[in-house]
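K.L.:
Next comes the structure file protein27.csv, holding CSV, C-alpha atoms.
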```
chain,number,residue,atom,x,y,z
R,1,MET,CA,39.9,16.5,-68.9
R,2,SER,CA,41.4,15.2,-72.1
R,3,ASP,CA,39.9,15.6,-75.5
R,4,ASP,CA,43.1,14.8,-77.5
R,5,THR,CA,41.8,14.2,-81.0
R,6,ALA,CA,45.0,12.2,-81.8
R,7,GLN,CA,44.0,9.4,-79.4
R,8,PRO,CA,42.3,6.3,-80.9
R,9,ARG,CA,38.5,6.4,-80.5
R,10,TYR,CA,36.4,3.4,-79.8
R,11,ILE,CA,32.7,3.4,-80.8
R,12,GLY,CA,30.2,1.3,-78.9
R,13,TRP,CA,27.1,1.3,-76.8
R,14,ARG,CA,26.0,2.0,-73.2
R,15,TYR,CA,22.8,2.0,-71.3
R,16,TRP,CA,21.6,4.1,-68.3
R,17,ALA,CA,18.7,4.6,-66.0
R,18,ALA,CA,16.9,7.7,-67.2
R,19,GLY,CA,14.9,10.1,-65.0
R,20,LYS,CA,14.5,13.6,-63.7
R,21,MET,CA,16.1,15.1,-60.6
R,22,ASP,CA,15.9,18.3,-58.7
R,23,LEU,CA,19.4,19.9,-59.2
R,24,ASP,CA,19.7,23.2,-57.4
R,25,GLY,CA,16.0,24.0,-57.8
R,26,GLU,CA,15.7,22.9,-61.4
R,27,ILE,CA,14.0,19.7,-62.3
R,28,ARG,CA,16.0,18.3,-65.2
R,29,PRO,CA,16.7,15.0,-67.0
R,30,VAL,CA,19.7,12.9,-66.0
R,31,LEU,CA,21.2,9.6,-67.1
R,32,LEU,CA,22.5,7.4,-64.3
R,33,ALA,CA,25.1,4.7,-64.8
R,34,PRO,CA,23.6,1.3,-64.0
R,35,ALA,CA,26.1,0.0,-61.5
R,36,ILE,CA,27.0,3.1,-59.5
R,37,ARG,CA,24.1,5.5,-60.0
R,38,LYS,CA,24.9,7.6,-56.9
R,39,ASN,CA,28.3,8.7,-58.3
R,40,ALA,CA,27.7,8.5,-62.0
R,41,ARG,CA,25.3,11.2,-63.1
R,42,TRP,CA,25.4,12.1,-66.8
R,43,LEU,CA,24.0,15.6,-66.9
R,44,ASP,CA,24.8,16.3,-70.5
R,45,ALA,CA,26.5,14.9,-73.6
R,46,THR,CA,30.0,16.3,-72.8
R,47,THR,CA,33.0,14.1,-72.0
R,48,HIS,CA,32.8,12.0,-68.8
R,49,THR,CA,35.9,11.0,-67.0
R,50,SER,CA,36.0,7.7,-65.2
R,51,LYS,CA,36.9,7.6,-61.5
R,52,CYS,CA,38.2,4.7,-59.5
R,53,MET,CA,35.7,3.7,-56.8
R,54,ALA,CA,38.3,2.0,-54.6
R,55,PRO,CA,38.7,3.3,-51.0
R,56,ILE,CA,40.7,6.5,-50.6
R,57,GLY,CA,44.4,5.7,-50.6
R,58,ALA,CA,43.9,2.8,-53.1
R,59,ARG,CA,42.5,5.0,-55.9
R,60,HIS,CA,44.3,5.4,-59.2
R,61,VAL,CA,43.8,6.9,-62.6
R,62,ALA,CA,41.0,4.8,-64.0
R,63,PRO,CA,41.0,2.3,-65.7
R,64,VAL,CA,44.3,0.5,-64.8
R,65,GLY,CA,44.8,-3.2,-65.1
R,66,PRO,CA,42.4,-6.1,-65.1
R,67,LYS,CA,42.1,-6.5,-61.3
R,68,CYS,CA,40.2,-3.2,-60.9
R,69,GLY,CA,36.7,-2.9,-62.5
R,70,CYS,CA,36.8,0.9,-62.8
R,71,GLY,CA,36.5,2.8,-66.1
R,72,ILE,CA,33.4,3.5,-68.1
R,73,ARG,CA,32.2,0.3,-69.8
R,74,ILE,CA,31.5,0.4,-73.5
R,75,VAL,CA,29.9,-2.6,-75.3
R,76,ARG,CA,31.2,-3.2,-78.8
R,77,ARG,CA,28.1,-4.6,-80.4
R,78,LEU,CA,24.5,-3.5,-79.8
R,79,PRO,CA,23.1,-7.0,-80.0
R,80,ASN,CA,25.4,-8.1,-77.1
R,81,LEU,CA,24.2,-5.2,-75.0
R,82,ILE,CA,20.6,-6.1,-75.8
R,83,HIS,CA,21.3,-9.8,-74.9
R,84,TYR,CA,22.7,-8.6,-71.5
R,85,MET,CA,19.6,-6.4,-70.9
R,86,ARG,CA,17.3,-9.3,-71.8
R,87,LYS,CA,19.0,-11.6,-69.3
R,88,ARG,CA,18.6,-9.1,-66.6
R,89,HIS,CA,14.9,-8.6,-67.6
R,90,GLN,CA,14.3,-12.3,-67.4
R,91,GLN,CA,15.4,-12.2,-63.8
R,92,ASP,CA,12.6,-9.7,-63.0
R,93,PRO,CA,10.1,-9.6,-65.9
R,94,GLY,CA,8.8,-6.1,-66.7
R,95,VAL,CA,11.8,-4.1,-65.7
R,96,ASP,CA,15.5,-4.2,-65.4
R,97,PRO,CA,16.0,-5.1,-61.8
R,98,LEU,CA,18.7,-2.5,-61.3
R,99,LEU,CA,17.2,0.3,-63.3
R,100,GLY,CA,13.5,-0.2,-63.5
R,101,PRO,CA,11.5,0.5,-66.8
R,102,CYS,CA,13.1,3.9,-67.4
R,103,VAL,CA,16.1,3.1,-69.6
R,104,ALA,CA,18.0,4.9,-72.3
R,105,ILE,CA,20.5,3.3,-74.7
R,106,GLY,CA,23.0,5.4,-76.6
R,107,ARG,CA,26.0,5.3,-78.9
R,108,VAL,CA,29.2,6.5,-77.3
R,109,GLU,CA,32.9,6.9,-78.1
R,110,GLY,CA,35.7,6.2,-75.6
R,111,TRP,CA,39.4,7.1,-75.5
R,112,GLY,CA,42.3,7.7,-73.2
R,113,CYS,CA,43.5,4.7,-71.1
R,114,ILE,CA,41.7,1.7,-72.4
R,115,GLU,CA,41.4,-1.8,-70.8
R,116,PRO,CA,39.6,-4.9,-71.8
R,117,GLY,CA,36.2,-5.2,-70.1
R,118,VAL,CA,35.8,-7.2,-66.9
R,119,PRO,CA,33.3,-10.1,-66.9
R,120,TRP,CA,29.6,-9.3,-66.5
R,121,ARG,CA,28.2,-9.9,-63.1
R,122,SER,CA,26.5,-13.1,-64.2
R,123,LYS,CA,28.8,-15.5,-66.0
R,124,ASP,CA,26.0,-16.5,-68.4
R,125,ILE,CA,25.6,-13.0,-69.6
R,126,GLY,CA,27.7,-11.7,-72.5
R,127,ASP,CA,31.3,-12.0,-73.4
R,128,PRO,CA,33.9,-9.8,-71.6
R,129,SER,CA,35.9,-9.5,-74.8
R,130,ASP,CA,33.0,-7.6,-76.2
R,131,THR,CA,33.5,-4.7,-73.7
R,132,ILE,CA,36.2,-2.2,-72.9
R,133,ARG,CA,36.7,0.2,-70.0
R,134,ALA,CA,37.6,3.7,-71.1
R,135,GLU,CA,39.1,6.7,-69.2
R,136,PHE,CA,37.0,9.2,-71.2
R,137,VAL,CA,33.6,8.7,-72.8
R,138,ARG,CA,31.1,10.9,-74.5
R,139,ILE,CA,27.6,10.3,-75.9
R,140,ILE,CA,27.7,10.7,-79.7
R,141,GLY,CA,24.1,9.6,-80.3
R,142,PRO,CA,21.6,8.6,-81.1
R,143,LEU,CA,19.8,8.1,-77.7
R,144,PHE,CA,16.9,5.6,-77.6
R,145,PHE,CA,14.4,5.8,-74.8
R,146,SER,CA,12.3,2.9,-73.5
R,147,PRO,CA,8.5,3.2,-73.8
R,148,ALA,CA,8.1,4.2,-70.2
R,149,ILE,CA,10.0,7.5,-70.8
R,150,ALA,CA,9.6,8.1,-74.6
R,151,VAL,CA,7.5,11.2,-73.8
R,152,TRP,CA,10.6,12.7,-72.1
R,153,GLN,CA,12.9,12.6,-75.2
R,154,ASN,CA,12.4,16.3,-76.0
R,155,ASP,CA,13.3,17.3,-72.4
R,156,PHE,CA,16.5,15.3,-72.8
R,157,HIS,CA,17.4,17.0,-76.0
R,158,ARG,CA,18.1,20.3,-74.3
R,159,TYR,CA,20.9,18.8,-72.3
R,160,PHE,CA,21.8,15.9,-74.7
R,161,PRO,CA,21.8,17.6,-78.1
R,162,VAL,CA,22.4,14.3,-80.0
R,163,GLN,CA,20.0,12.6,-82.3
R,164,ARG,CA,17.2,11.0,-80.3
R,165,ARG,CA,14.8,8.4,-81.6
R,166,SER,CA,11.2,7.7,-80.5
R,167,SER,CA,10.8,4.3,-78.9
R,168,GLY,CA,7.2,4.0,-79.8
R,169,LEU,CA,4.7,2.1,-77.7
R,170,GLY,CA,4.8,-1.4,-76.3
R,171,THR,CA,6.4,-3.3,-73.6
R,172,TYR,CA,10.0,-3.2,-72.4
R,173,GLN,CA,10.6,-6.6,-74.0
R,174,GLU,CA,9.1,-5.4,-77.4
R,175,TRP,CA,11.4,-2.4,-77.2
R,176,LEU,CA,14.5,-4.6,-76.7
R,177,THR,CA,13.4,-6.6,-79.7
R,178,ARG,CA,13.2,-3.4,-81.9
R,179,MET,CA,16.6,-2.3,-80.5
R,180,SER,CA,18.2,-5.6,-81.4
R,181,ARG,CA,17.3,-5.0,-85.1
R,182,LEU,CA,19.2,-1.7,-85.3
R,183,PRO,CA,22.4,-1.5,-87.4
R,184,ASP,CA,25.5,-1.7,-85.3
R,185,ALA,CA,28.0,1.1,-84.6
R,186,LYS,CA,30.8,1.7,-87.1
R,187,ARG,CA,34.1,1.4,-85.3
R,188,ARG,CA,36.9,3.8,-86.0
R,189,GLN,CA,39.6,1.6,-84.4
R,190,PRO,CA,40.1,-2.2,-84.1
R,191,TRP,CA,38.7,-3.3,-80.7
R,192,PRO,CA,41.5,-4.0,-78.2
R,193,THR,CA,42.0,-7.5,-76.9
```
Represent the supplied structure as structure tokens.
P.N.:
Amino acid sequence: MSDDTAQPRYIGWRYWAAGKMDLDGEIRPVLLAPAIRKNARWLDATTHTSKCMAPIGARHVAPVGPKCGCGIRIVRRLPNLIHYMRKRHQQDPGVDPLLGPCVAIGRVEGWGCIEPGVPWRSKDIGDPSDTIRAEFVRIIGPLFFSPAIAVWQNDFHRYFPVQRRSSGLGTYQEWLTRMSRLPDAKRRQPWPT
């Protein structure tokens, strides 16, 4: 795992399903990547390394090239991530159809092999130039928790010792509105094109 401080760092946003799992007899909080939750558990705020999900024999160091969608996606601007989440919410009001109402949003930094993002699943959602896919990503905080799981934020702090913010009360849609008003991440590097 690389943590070469000389590599350019790209600051952006991600979101995850948030929950608790029994891991070797201990019930503990986890963040799960939205698209491949089975293989992408985030158990803490340490560096996560992307893995190619292609069939064995076709796997490579991730991410490589525009034809493979591997790599850990980072969205440059928080309002664009919120727009994407709203569109998903409109498809199934009340919850994110892939994640449910238990969602966390966090500021991350990525480095290593960097590729421009691939288009969102729905063509009317977001701009692929607003995303990158990174080889290494870590949560740098803060973490924001949807109203359905705001009471868990202290449980998460033990494993994700980054700043966390109370999400308050309200609906999922009201939470997204509050999130869209937050100041955006400061980028340390120009975004790759």
K.L.:
As a PyMOL selection string, please: the residues near stretch 152-169 of chain R (cut-off 9 Å, all atoms listed in the file, same-chain neighbours under 6 positions excluded).
P.N.:
chain R and resi 19+28-30+43-46+106+139-146+175+178-179
K.L.:
Which is closer to R:Cys113 than all the others in R:Val151, R:Ala17, R:Leu32, R:Ser50, using all atoms listed in the file?
P.N.:
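Residue with the minimum atom-to-atom distance to R:Cys113: R:Ser50.
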K.L.:
Which protein, DNA or RNA residues are at most 9 Å from (17.2, 4.4, -68.4) in the file's coordinates when you count only C-alpha atoms, listed as a ChimeraX atom specification?
P.N.:
/R:15-19,31-34,99-105,145-146,149
K.L.:
Excluding R:Arg138 and its own-chain neighbours fewer than 6 positions away, which residues fall within 8 Å of it when counting all atoms listed in the file? Please give them as an mmCIF file with C-alpha atoms, in the frame of the given file.
P.N.:
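After the write, selection26.cif holds the following:
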```
data_model
loop_
_atom_site.group_PDB
_atom_site.id
_atom_site.type_symbol
_atom_site.label_atom_id
_atom_site.label_comp_id
_atom_site.auth_asym_id
_atom_site.auth_seq_id
_atom_site.Cartn_x
_atom_site.Cartn_y
_atom_site.Cartn_z
ATOM 1 C CA ALA R 45 26.500 14.900 -73.600
ATOM 2 C CA THR R 46 30.000 16.300 -72.800
ATOM 3 C CA THR R 47 33.000 14.100 -72.000
ATOM 4 C CA HIS R 48 32.800 12.000 -68.800
ATOM 5 C CA VAL R 108 29.200 6.500 -77.300
ATOM 6 C CA GLU R 109 32.900 6.900 -78.100
ATOM 7 C CA GLY R 110 35.700 6.200 -75.600
#
```
K.L.:
If I take atom CA of R:Gly12 and atom CA of R:Arg76, how far is one from the other in Å, to one decimal?
P.N.:
4.6 Å
K.L.:
How many Å separate atom CA of R:Leu176 from atom CA of R:Glu115?
P.N.:
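Separating atom CA of R:Leu176 from atom CA of R:Glu115 is a distance of 27.7 Å.
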